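Q: Contents of start.csv (CSV, C-alpha atoms):
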```csv
chain,number,residue,atom,x,y,z
A,1,MET,CA,0.0,0.0,0.0
A,2,GLU,CA,1.2,3.5,-0.7
A,3,THR,CA,2.1,5.9,2.1
A,4,ILE,CA,-0.3,8.7,2.8
A,5,ILE,CA,0.9,12.1,4.0
A,6,LEU,CA,-1.2,13.2,6.9
A,7,ALA,CA,-1.3,17.0,6.9
A,8,SER,CA,-2.3,17.0,10.6
A,9,ALA,CA,-0.4,16.4,13.8
A,10,SER,CA,-3.5,15.0,15.6
A,11,ASN,CA,-2.9,11.7,17.5
A,12,ARG,CA,-6.6,10.8,17.0
A,13,ARG,CA,-6.2,11.0,13.2
A,14,GLN,CA,-3.2,8.8,13.3
A,15,GLU,CA,-5.1,6.2,15.3
A,16,ILE,CA,-7.8,6.1,12.6
A,17,LEU,CA,-5.2,5.5,9.9
A,18,GLN,CA,-3.6,2.8,12.0
A,19,GLN,CA,-7.1,1.3,12.4
A,20,MET,CA,-7.4,1.2,8.6
A,21,GLY,CA,-4.0,-0.4,8.3
A,22,VAL,CA,-2.9,2.4,6.0
A,23,PRO,CA,0.8,3.5,6.1
A,24,TYR,CA,1.2,7.2,6.8
A,25,ARG,CA,3.7,9.9,7.5
A,26,ILE,CA,3.0,13.2,9.2
A,27,ILE,CA,3.9,16.5,7.4
A,28,SER,CA,1.8,19.3,8.8
A,29,ARG,CA,2.1,23.0,8.2
A,30,PRO,CA,0.4,25.7,10.3
A,31,VAL,CA,-2.7,27.2,8.9
A,32,ASP,CA,-5.1,29.8,10.3
A,33,GLU,CA,-7.9,27.6,11.8
A,34,THR,CA,-10.2,30.5,12.8
A,35,ILE,CA,-13.9,29.9,11.9
A,36,GLU,CA,-16.4,32.7,12.6
A,37,ASN,CA,-19.6,31.9,14.5
A,38,GLY,CA,-22.4,31.5,12.0
A,39,ALA,CA,-20.2,30.0,9.3
A,40,ASP,CA,-21.5,26.8,7.7
A,41,PRO,CA,-19.5,24.0,9.5
A,42,ARG,CA,-19.7,21.8,6.4
A,43,THR,CA,-18.1,24.4,4.1
A,44,ALA,CA,-15.7,25.6,6.8
A,45,SER,CA,-14.4,22.2,7.7
A,46,VAL,CA,-13.8,21.2,4.0
A,47,ASP,CA,-12.2,24.5,3.2
A,48,LEU,CA,-9.8,24.1,6.2
A,49,ALA,CA,-9.0,20.5,5.2
A,50,ARG,CA,-8.1,21.7,1.7
A,51,LYS,CA,-6.0,24.5,3.1
A,52,LYS,CA,-4.0,22.0,5.2
A,53,VAL,CA,-3.3,19.9,2.1
A,54,ASP,CA,-2.4,23.0,0.0
A,55,ALA,CA,0.0,24.2,2.7
A,56,VAL,CA,1.9,20.9,2.5
A,57,VAL,CA,1.9,20.9,-1.4
A,58,ARG,CA,3.3,24.4,-1.5
A,59,ASP,CA,6.4,23.3,0.4
A,60,PHE,CA,7.5,20.6,-2.1
A,61,ARG,CA,8.9,21.1,-5.6
A,62,SER,CA,7.4,17.7,-6.5
A,63,ALA,CA,4.5,17.1,-4.1
A,64,PRO,CA,4.5,13.7,-2.4
A,65,ALA,CA,2.0,11.1,-3.3
A,66,TRP,CA,-1.3,11.1,-1.4
A,67,ILE,CA,-1.9,14.0,1.0
A,68,LEU,CA,-4.7,14.0,3.5
A,69,GLY,CA,-6.1,16.9,5.4
A,70,ALA,CA,-9.0,17.0,7.9
A,71,ASP,CA,-10.7,19.5,10.1
A,72,THR,CA,-13.3,19.1,12.8
A,73,VAL,CA,-16.0,21.7,13.7
A,74,VAL,CA,-18.2,21.3,16.8
A,75,THR,CA,-21.4,23.4,16.9
A,76,LEU,CA,-24.4,23.8,19.1
A,77,ASP,CA,-27.2,26.3,18.1
A,78,GLY,CA,-25.0,28.0,15.6
A,79,ARG,CA,-22.1,28.6,18.0
A,80,ILE,CA,-18.8,27.1,17.2
A,81,TYR,CA,-16.8,25.3,19.9
A,82,GLY,CA,-13.1,25.5,19.1
A,83,LYS,CA,-10.2,24.3,21.3
A,84,PRO,CA,-10.7,25.7,24.8
A,85,SER,CA,-7.9,28.1,25.8
A,86,ASP,CA,-8.0,27.1,29.5
A,87,ALA,CA,-9.7,24.9,32.1
A,88,GLU,CA,-12.4,27.6,32.8
A,89,GLU,CA,-13.4,27.7,29.1
A,90,ALA,CA,-13.4,23.9,29.0
A,91,GLN,CA,-15.8,23.9,31.9
A,92,GLY,CA,-18.1,26.4,30.2
A,93,PHE,CA,-18.2,24.3,27.1
A,94,LEU,CA,-19.2,21.2,29.0
A,95,GLN,CA,-21.9,23.1,30.9
A,96,GLU,CA,-23.4,24.1,27.6
A,97,LEU,CA,-23.0,20.7,25.9
A,98,ALA,CA,-24.5,18.9,28.9
A,99,GLY,CA,-28.1,17.7,28.3
A,100,ASN,CA,-28.0,18.8,24.7
A,101,THR,CA,-27.3,17.3,21.2
A,102,HIS,CA,-24.6,19.0,19.3
A,103,SER,CA,-23.2,18.5,15.9
A,104,VAL,CA,-19.6,17.4,14.9
A,105,VAL,CA,-18.6,17.9,11.3
A,106,THR,CA,-15.3,16.6,10.0
A,107,GLY,CA,-14.3,17.7,6.5
A,108,ILE,CA,-11.5,15.8,4.7
A,109,ALA,CA,-9.5,16.6,1.6
A,110,LEU,CA,-7.4,14.0,-0.3
A,111,ARG,CA,-4.8,14.9,-2.9
A,112,ASN,CA,-4.6,12.1,-5.5
A,113,ALA,CA,-1.1,11.0,-6.2
A,114,ARG,CA,-1.6,10.4,-9.9
A,115,THR,CA,-3.9,13.3,-11.0
A,116,GLY,CA,-2.8,15.9,-8.4
A,117,MET,CA,-6.5,16.7,-7.9
A,118,ILE,CA,-7.9,17.2,-4.5
A,119,ALA,CA,-11.2,15.4,-3.6
A,120,SER,CA,-13.1,16.5,-0.6
A,121,HIS,CA,-16.0,15.5,1.5
A,122,PHE,CA,-17.5,15.8,5.0
A,123,ASP,CA,-19.4,13.7,7.5
A,124,GLU,CA,-21.7,15.0,10.2
A,125,THR,CA,-22.5,13.3,13.4
A,126,GLN,CA,-24.9,14.2,16.2
A,127,VAL,CA,-23.7,13.7,19.8
A,128,THR,CA,-26.1,13.7,22.8
A,129,PHE,CA,-24.6,14.5,26.1
A,130,SER,CA,-26.3,13.5,29.4
A,131,ARG,CA,-27.1,16.1,32.0
A,132,LEU,CA,-24.0,16.6,34.2
A,133,ALA,CA,-23.6,17.4,37.8
A,134,ALA,CA,-21.1,20.1,38.7
A,135,GLU,CA,-18.8,17.5,40.3
A,136,GLU,CA,-18.8,15.5,37.0
A,137,ILE,CA,-17.6,18.5,35.1
A,138,THR,CA,-14.9,19.2,37.6
A,139,TRP,CA,-13.8,15.6,37.5
A,140,TYR,CA,-13.6,15.7,33.7
A,141,VAL,CA,-11.8,19.0,33.5
A,142,GLN,CA,-9.2,17.7,35.9
A,143,THR,CA,-8.3,14.9,33.5
A,144,ASN,CA,-7.0,17.5,31.1
A,145,GLU,CA,-8.5,15.6,28.2
A,146,TRP,CA,-10.1,18.8,27.0
A,147,GLN,CA,-6.7,20.2,25.9
A,148,GLY,CA,-6.1,20.8,22.2
A,149,VAL,CA,-9.4,19.4,21.0
A,150,ALA,CA,-12.4,21.1,19.4
A,151,GLY,CA,-15.4,21.1,21.7
A,152,GLY,CA,-13.3,20.5,24.8
A,153,TYR,CA,-13.8,16.7,25.0
A,154,ARG,CA,-12.4,13.5,23.6
A,155,ILE,CA,-15.0,10.8,22.8
A,156,GLN,CA,-12.4,8.1,23.0
A,157,GLY,CA,-11.5,9.2,26.6
A,158,ARG,CA,-13.6,9.5,29.8
A,159,ALA,CA,-16.1,11.9,28.1
A,160,ALA,CA,-17.7,8.7,26.7
A,161,CYS,CA,-19.2,8.3,30.2
A,162,PHE,CA,-21.3,11.4,29.5
A,163,ILE,CA,-22.4,10.5,26.0
A,164,GLU,CA,-25.9,9.0,25.8
A,165,ARG,CA,-25.8,8.3,22.1
A,166,ILE,CA,-24.4,9.3,18.8
A,167,HIS,CA,-26.1,9.3,15.4
A,168,GLY,CA,-23.5,9.0,12.7
A,169,SER,CA,-19.9,8.0,12.9
A,170,TYR,CA,-17.7,7.6,15.9
A,171,SER,CA,-14.5,8.3,13.9
A,172,THR,CA,-16.1,11.7,12.7
A,173,VAL,CA,-16.2,12.7,16.3
A,174,MET,CA,-12.6,11.5,16.8
A,175,GLY,CA,-11.6,13.7,13.9
A,176,LEU,CA,-11.4,11.5,10.7
A,177,PRO,CA,-14.5,9.8,9.3
A,178,ILE,CA,-13.1,6.4,8.4
A,179,ARG,CA,-16.0,5.3,6.2
A,180,THR,CA,-15.8,8.6,4.2
A,181,LEU,CA,-12.1,8.4,3.9
A,182,TYR,CA,-12.2,4.7,2.8
A,183,SER,CA,-14.8,5.6,0.1
A,184,ILE,CA,-12.7,8.5,-1.3
A,185,LEU,CA,-9.6,6.4,-1.3
A,186,ARG,CA,-11.4,3.7,-3.3
A,187,GLU,CA,-12.9,6.2,-5.7
A,188,ASN,CA,-9.4,7.5,-6.3
A,189,HIS,CA,-8.2,3.9,-7.0
A,190,TYR,CA,-6.0,3.8,-3.9
A,191,GLN,CA,-4.8,0.1,-3.6
A,192,PHE,CA,-5.7,-1.4,-0.2
B,1,MET,CA,-10.7,3.7,43.2
B,2,GLU,CA,-11.7,0.1,44.0
B,3,THR,CA,-10.7,-2.7,41.7
B,4,ILE,CA,-13.4,-4.2,39.6
B,5,ILE,CA,-13.4,-7.9,38.7
B,6,LEU,CA,-14.1,-8.3,35.0
B,7,ALA,CA,-15.9,-11.6,34.5
B,8,SER,CA,-14.9,-11.7,30.8
B,9,ALA,CA,-11.7,-12.3,29.0
B,10,SER,CA,-12.6,-10.0,26.1
B,11,ASN,CA,-9.8,-7.5,25.2
B,12,ARG,CA,-12.4,-5.0,24.0
B,13,ARG,CA,-14.0,-4.9,27.4
B,14,GLN,CA,-10.7,-4.3,29.0
B,15,GLU,CA,-10.1,-1.4,26.7
B,16,ILE,CA,-13.3,0.2,27.8
B,17,LEU,CA,-12.4,-0.1,31.5
B,18,GLN,CA,-9.0,1.4,30.7
B,19,GLN,CA,-10.8,4.2,28.9
B,20,MET,CA,-12.8,4.9,32.0
B,21,GLY,CA,-9.6,4.8,34.1
B,22,VAL,CA,-11.1,2.1,36.4
B,23,PRO,CA,-8.7,-0.5,37.8
B,24,TYR,CA,-9.7,-4.0,37.0
B,25,ARG,CA,-8.6,-7.7,37.2
B,26,ILE,CA,-9.9,-10.5,35.0
B,27,ILE,CA,-11.4,-13.6,36.6
B,28,SER,CA,-13.6,-15.3,34.1
B,29,ARG,CA,-15.3,-18.7,34.3
B,30,PRO,CA,-16.8,-20.6,31.3
B,31,VAL,CA,-20.6,-20.4,31.0
B,32,ASP,CA,-22.8,-21.8,28.3
B,33,GLU,CA,-23.3,-18.8,25.9
B,34,THR,CA,-25.8,-20.4,23.6
B,35,ILE,CA,-28.8,-18.2,22.7
B,36,GLU,CA,-31.6,-19.6,20.6
B,37,ASN,CA,-32.8,-17.8,17.5
B,38,GLY,CA,-36.0,-15.9,18.3
B,39,ALA,CA,-34.9,-15.2,21.9
B,40,ASP,CA,-35.2,-11.6,23.1
B,41,PRO,CA,-31.7,-10.2,22.8
B,42,ARG,CA,-32.3,-7.8,25.7
B,43,THR,CA,-33.3,-10.5,28.2
B,44,ALA,CA,-30.8,-13.0,26.8
B,45,SER,CA,-27.8,-10.6,27.1
B,46,VAL,CA,-28.6,-9.5,30.6
B,47,ASP,CA,-29.2,-13.1,31.7
B,48,LEU,CA,-25.9,-14.2,30.3
B,49,ALA,CA,-24.1,-11.2,31.9
B,50,ARG,CA,-25.6,-12.2,35.3
B,51,LYS,CA,-24.6,-15.9,34.7
B,52,LYS,CA,-21.0,-14.7,34.2
B,53,VAL,CA,-21.0,-12.8,37.4
B,54,ASP,CA,-22.6,-15.8,39.3
B,55,ALA,CA,-20.1,-18.2,37.9
B,56,VAL,CA,-17.3,-16.1,39.5
B,57,VAL,CA,-19.1,-15.5,42.8
B,58,ARG,CA,-19.6,-19.3,43.2
B,59,ASP,CA,-15.9,-19.9,43.1
B,60,PHE,CA,-15.1,-17.7,46.1
B,61,ARG,CA,-15.9,-18.3,49.8
B,62,SER,CA,-15.9,-14.5,50.3
B,63,ALA,CA,-16.7,-13.0,46.9
B,64,PRO,CA,-14.4,-10.2,45.8
B,65,ALA,CA,-15.6,-6.7,45.7
B,66,TRP,CA,-17.1,-5.4,42.5
B,67,ILE,CA,-17.8,-8.0,39.8
B,68,LEU,CA,-18.8,-7.1,36.3
B,69,GLY,CA,-20.3,-9.3,33.6
B,70,ALA,CA,-21.3,-8.5,30.1
B,71,ASP,CA,-22.7,-10.2,27.0
B,72,THR,CA,-23.2,-8.9,23.5
B,73,VAL,CA,-25.9,-10.2,21.1
B,74,VAL,CA,-26.0,-9.2,17.4
B,75,THR,CA,-29.3,-9.7,15.6
B,76,LEU,CA,-30.8,-9.0,12.2
B,77,ASP,CA,-34.4,-9.9,11.4
B,78,GLY,CA,-34.7,-12.0,14.5
B,79,ARG,CA,-31.6,-14.1,13.6
B,80,ILE,CA,-28.8,-14.2,16.1
B,81,TYR,CA,-25.2,-13.8,14.9
B,82,GLY,CA,-22.9,-15.5,17.3
B,83,LYS,CA,-19.1,-15.9,16.9
B,84,PRO,CA,-18.4,-17.4,13.4
B,85,SER,CA,-16.9,-20.8,13.6
B,86,ASP,CA,-14.8,-20.4,10.4
B,87,ALA,CA,-13.9,-18.0,7.6
B,88,GLU,CA,-16.7,-19.3,5.5
B,89,GLU,CA,-19.3,-18.5,8.1
B,90,ALA,CA,-17.7,-15.1,8.7
B,91,GLN,CA,-18.1,-14.4,5.0
B,92,GLY,CA,-21.8,-15.4,5.1
B,93,PHE,CA,-22.4,-13.1,8.1
B,94,LEU,CA,-20.9,-10.1,6.3
B,95,GLN,CA,-22.9,-10.8,3.2
B,96,GLU,CA,-26.1,-10.7,5.2
B,97,LEU,CA,-25.1,-7.6,7.3
B,98,ALA,CA,-24.0,-5.7,4.1
B,99,GLY,CA,-26.5,-3.0,3.0
B,100,ASN,CA,-28.6,-3.6,6.2
B,101,THR,CA,-29.1,-2.1,9.7
B,102,HIS,CA,-28.6,-4.7,12.4
B,103,SER,CA,-29.0,-4.4,16.2
B,104,VAL,CA,-26.3,-4.9,18.8
B,105,VAL,CA,-27.4,-5.4,22.4
B,106,THR,CA,-25.0,-5.5,25.3
B,107,GLY,CA,-26.3,-6.5,28.7
B,108,ILE,CA,-24.2,-5.8,31.8
B,109,ALA,CA,-24.5,-7.0,35.3
B,110,LEU,CA,-22.6,-5.5,38.3
B,111,ARG,CA,-22.3,-7.1,41.7
B,112,ASN,CA,-22.2,-4.4,44.4
B,113,ALA,CA,-19.3,-4.8,46.7
B,114,ARG,CA,-21.2,-3.7,49.8
B,115,THR,CA,-24.7,-5.1,49.4
B,116,GLY,CA,-23.8,-8.3,47.3
B,117,MET,CA,-26.8,-7.4,45.1
B,118,ILE,CA,-26.4,-7.6,41.3
B,119,ALA,CA,-27.7,-4.7,39.2
B,120,SER,CA,-28.2,-5.2,35.5
B,121,HIS,CA,-29.0,-3.2,32.5
B,122,PHE,CA,-28.6,-3.3,28.7
B,123,ASP,CA,-28.0,-0.9,25.9
B,124,GLU,CA,-29.1,-1.3,22.3
B,125,THR,CA,-27.4,0.3,19.3
B,126,GLN,CA,-28.3,0.2,15.6
B,127,VAL,CA,-25.4,-0.4,13.1
B,128,THR,CA,-25.8,0.3,9.4
B,129,PHE,CA,-23.4,-1.4,7.0
B,130,SER,CA,-22.8,-0.2,3.5
B,131,ARG,CA,-23.3,-2.5,0.5
B,132,LEU,CA,-20.2,-4.6,0.1
B,133,ALA,CA,-18.5,-5.9,-3.1
B,134,ALA,CA,-17.3,-9.5,-3.0
B,135,GLU,CA,-13.7,-8.3,-2.9
B,136,GLU,CA,-14.3,-6.2,0.1
B,137,ILE,CA,-15.7,-9.1,2.1
B,138,THR,CA,-12.7,-11.3,1.0
B,139,TRP,CA,-10.3,-8.5,2.1
B,140,TYR,CA,-12.0,-8.3,5.5
B,141,VAL,CA,-12.2,-12.0,6.1
B,142,GLN,CA,-8.4,-12.3,5.4
B,143,THR,CA,-7.7,-9.9,8.3
B,144,ASN,CA,-9.0,-12.5,10.7
B,145,GLU,CA,-10.7,-9.8,12.7
B,146,TRP,CA,-13.9,-11.8,12.6
B,147,GLN,CA,-12.4,-14.4,15.0
B,148,GLY,CA,-14.0,-14.8,18.4
B,149,VAL,CA,-16.5,-11.9,18.1
B,150,ALA,CA,-20.3,-11.9,17.9
B,151,GLY,CA,-21.5,-10.9,14.4
B,152,GLY,CA,-18.1,-11.6,12.9
B,153,TYR,CA,-16.7,-8.0,12.8
B,154,ARG,CA,-14.9,-5.6,15.1
B,155,ILE,CA,-16.1,-2.0,14.9
B,156,GLN,CA,-12.8,-0.8,16.3
B,157,GLY,CA,-10.9,-2.5,13.4
B,158,ARG,CA,-11.1,-2.3,9.6
B,159,ALA,CA,-14.8,-3.1,9.6
B,160,ALA,CA,-15.3,0.6,10.5
B,161,CYS,CA,-14.6,1.2,6.8
B,162,PHE,CA,-18.0,-0.5,6.0
B,163,ILE,CA,-20.1,1.1,8.7
B,164,GLU,CA,-22.2,4.1,7.3
B,165,ARG,CA,-23.5,5.1,10.7
B,166,ILE,CA,-24.5,3.9,14.2
B,167,HIS,CA,-27.3,5.1,16.3
B,168,GLY,CA,-26.6,4.6,19.9
B,169,SER,CA,-23.3,3.9,21.6
B,170,TYR,CA,-20.0,2.8,20.0
B,171,SER,CA,-18.9,1.0,23.2
B,172,THR,CA,-22.1,-1.1,23.2
B,173,VAL,CA,-20.9,-2.4,19.8
B,174,MET,CA,-17.4,-3.0,21.2
B,175,GLY,CA,-19.0,-5.0,24.0
B,176,LEU,CA,-19.3,-2.8,27.1
B,177,PRO,CA,-21.6,0.2,27.1
B,178,ILE,CA,-19.5,2.8,28.9
B,179,ARG,CA,-22.3,5.3,29.6
B,180,THR,CA,-24.6,2.5,31.0
B,181,LEU,CA,-21.7,1.1,33.1
B,182,TYR,CA,-20.8,4.5,34.4
B,183,SER,CA,-24.4,5.2,35.5
B,184,ILE,CA,-24.8,1.8,37.3
B,185,LEU,CA,-21.5,2.4,39.1
B,186,ARG,CA,-22.6,5.8,40.2
B,187,GLU,CA,-26.0,4.5,41.3
B,188,ASN,CA,-24.2,1.9,43.4
B,189,HIS,CA,-21.9,4.6,45.0
B,190,TYR,CA,-18.7,3.4,43.4
B,191,GLN,CA,-16.1,6.1,44.0
B,192,PHE,CA,-14.5,7.5,40.9
```
As structure tokens, what does this structure read like?

A:
Amino acid sequence: METIILASASNRRQEILQQMGVPYRIISRPVDETIENGADPRTASVDLARKKVDAVVRDFRSAPAWILGADTVVTLDGRIYGKPSDAEEAQGFLQELAGNTHSVVTGIALRNARTGMIASHFDETQVTFSRLAAEEITWYVQTNEWQGVAGGYRIQGRAACFIERIHGSYSTVMGLPIRTLYSILRENHYQF
Amino acid sequence: METIILASASNRRQEILQQMGVPYRIISRPVDETIENGADPRTASVDLARKKVDAVVRDFRSAPAWILGADTVVTLDGRIYGKPSDAEEAQGFLQELAGNTHSVVTGIALRNARTGMIASHFDETQVTFSRLAAEEITWYVQTNEWQGVAGGYRIQGRAACFIERIHGSYSTVMGLPIRTLYSILRENHYQF
């Protein structure tokens, strides 16, 4: 199988590629990840995924084979929940997500090794949090799992204790929709 | 935190306890896991989970603290999909699951360290598989991921490439509903 360049330093995205058994290498370049409240998460996540791929392509005279970018946007009632800047903000996020169903959209962009074209897609998943007592939020914030992750929680960590159900794809919430990626790879004749 | 005895040798269930950060030890005793087609998966999974706990309790003069049992039942159209006995049966399972939505029920039973009572519950999750080409089924069967698992696939492995969406809890499909377990532990005053 051909190596895929992952244009993201996220551990969770690496785990998804490992789960698929796809060989990968990380080459990520900083891009401005700001998304304005009110922006369409579908468009915004796909645009950012493409920007991450483009940023890597620009750095190479002959761009490496497959390049994959992804971006995850968490929203509730039109408000965008980025990466919390501190414990207090993480706590505020959890208070707002508790007892509600929010949306997680992950956009992906894949540059085809042979054509140089970039294919992109997104997947959207609904996540329903249980109501949370103050002590549960405190307990969670102390784990530090909220650091560096959109929405301030990691579904593959202890936050799963608070999630009543999801409707969609678990890997979308982790940050890389495995089924969507698999389909795009197949459409682009990637050899598994 | 108090150690929980896991009355199951399943790696996936261990992973869920690790995800929760709960200390555990495995003590599992063989029980007859046969479920007849047509049985109610909810009742059957909870009954088997209790049987697994009882089998461990019986072996101790003073039963150890918390004991947790779990059992997972995969059904489609009233038919129960157990652990495939060989590659051919695994292939048949995947052919039937492909393009359909099946149900995964995991029952859990928890023996309370202080009261000796056993609390039980179940969670049900719907899993929608994409249509599958013959070569995709062959590819999957060759991974051997179907071995030893109800339904013949592991959602946390490459089968995730075939799953369009789930409605419910990912951990239920893995074999131990983390949210349900967390709630039962809290109700029984387990100290996190």

Q: Please determine, counting all atoms listed in the file, which residue among A:Thr75, A:Thr101, A:Thr180, A:Ser28 has the shortest atom-to-atom distance to chain B.

A: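 Comparing A:Thr75, A:Thr101, A:Thr180, A:Ser28 against chain B, the winner is A:Thr180.
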
Q: Could the residues of chain A within 7 Å of chain B, counting all atoms listed in the file, be given as a list in words, please?

A: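 Putting it all together, I get Gln19, Met20, Gly157, Arg158, Ala160, Cys161, Phe162, Ile163, Glu164, Arg165, Ile166, His167, Gly168, Ser169, Tyr170, Ile178, Arg179 and Tyr182 of chain A.
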
Q: Padding 3 Å on every side, please: axis-aligned box over the listed atoms of range 84-91 of chain B, centre and edge lengths to one decimal in Å, as lines of an AutoDock Vina configuration file.

A:
```
center_x = -16.6
center_y = -17.6
center_z = 9.3
size_x = 11.4
size_y = 12.4
size_z = 14.6
```

Q: Interatomic distance between CA of Val46 in chain A and CA of Ser103 in chain A?

A: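 Spanning CA of Val46 in chain A to CA of Ser103 in chain A is a straight-line distance of 15.4 Å.
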
Q: Between CA of Asn37 in chain A and CA of Leu68 in chain A, what is the spacing in Å?

A: 25.8 Å

Q: Of the residues A:Arg131, A:Asp71, A:Lys52, A:Val22, which is the one nearest to Ala98 in chain A, using all atoms listed in the file?

A: A:Arg131

Q: For a test of reading the model, state the distance in Å between CA of Arg154 in chain A and CA of Met174 in chain A, rounded to one decimal.

A: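 Value for the CA of Arg154 in chain A-CA of Met174 in chain A distance: 7.1 Å.
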
Q: Given all atoms listed in the file as the basis, pick out the residue of A:Gln95, A:Thr43, A:Ser85, A:Thr3 nearest to Ile67 in chain A.

A: A:Thr3

Q: I'd like the contact shell of Glu36 in chain A - 9 Å cut-off, only C-alpha atoms, skipping same-chain residues fewer than 2 positions apart - returned as a list of chain:residue names.

A: A:Thr34, A:Gly38, A:Ala39, A:Arg79, A:Ile80

Q: Using only C-alpha atoms, find the one residue out of A:Ala65, A:Val74, A:Val141, A:Ala134 that sits nearest to Ile118 in chain A.

A: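 Looking at the shortest contact to Ile118 in chain A, the residue is A:Ala65.
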
Q: Could you name the residues that touch Ala70 in chain A at 12 Å or less, counting only C-alpha atoms, but leaving out those on the same chain fewer than 6 positions away, as a PyMOL selection string?

A: chain A and resi 5-10+12-14+16+28+33+42+44-54+105-111+119-123+171-178+180-181

Q: Need to verify the contact set: Gly152 in chain A, 7 Å, all atoms listed in the file, exclusion of same-chain residues closer than 4 positions in sequence. Can you return it as an NGL selection string?

A: :A and (83-84 or 90 or 93 or 146-147)
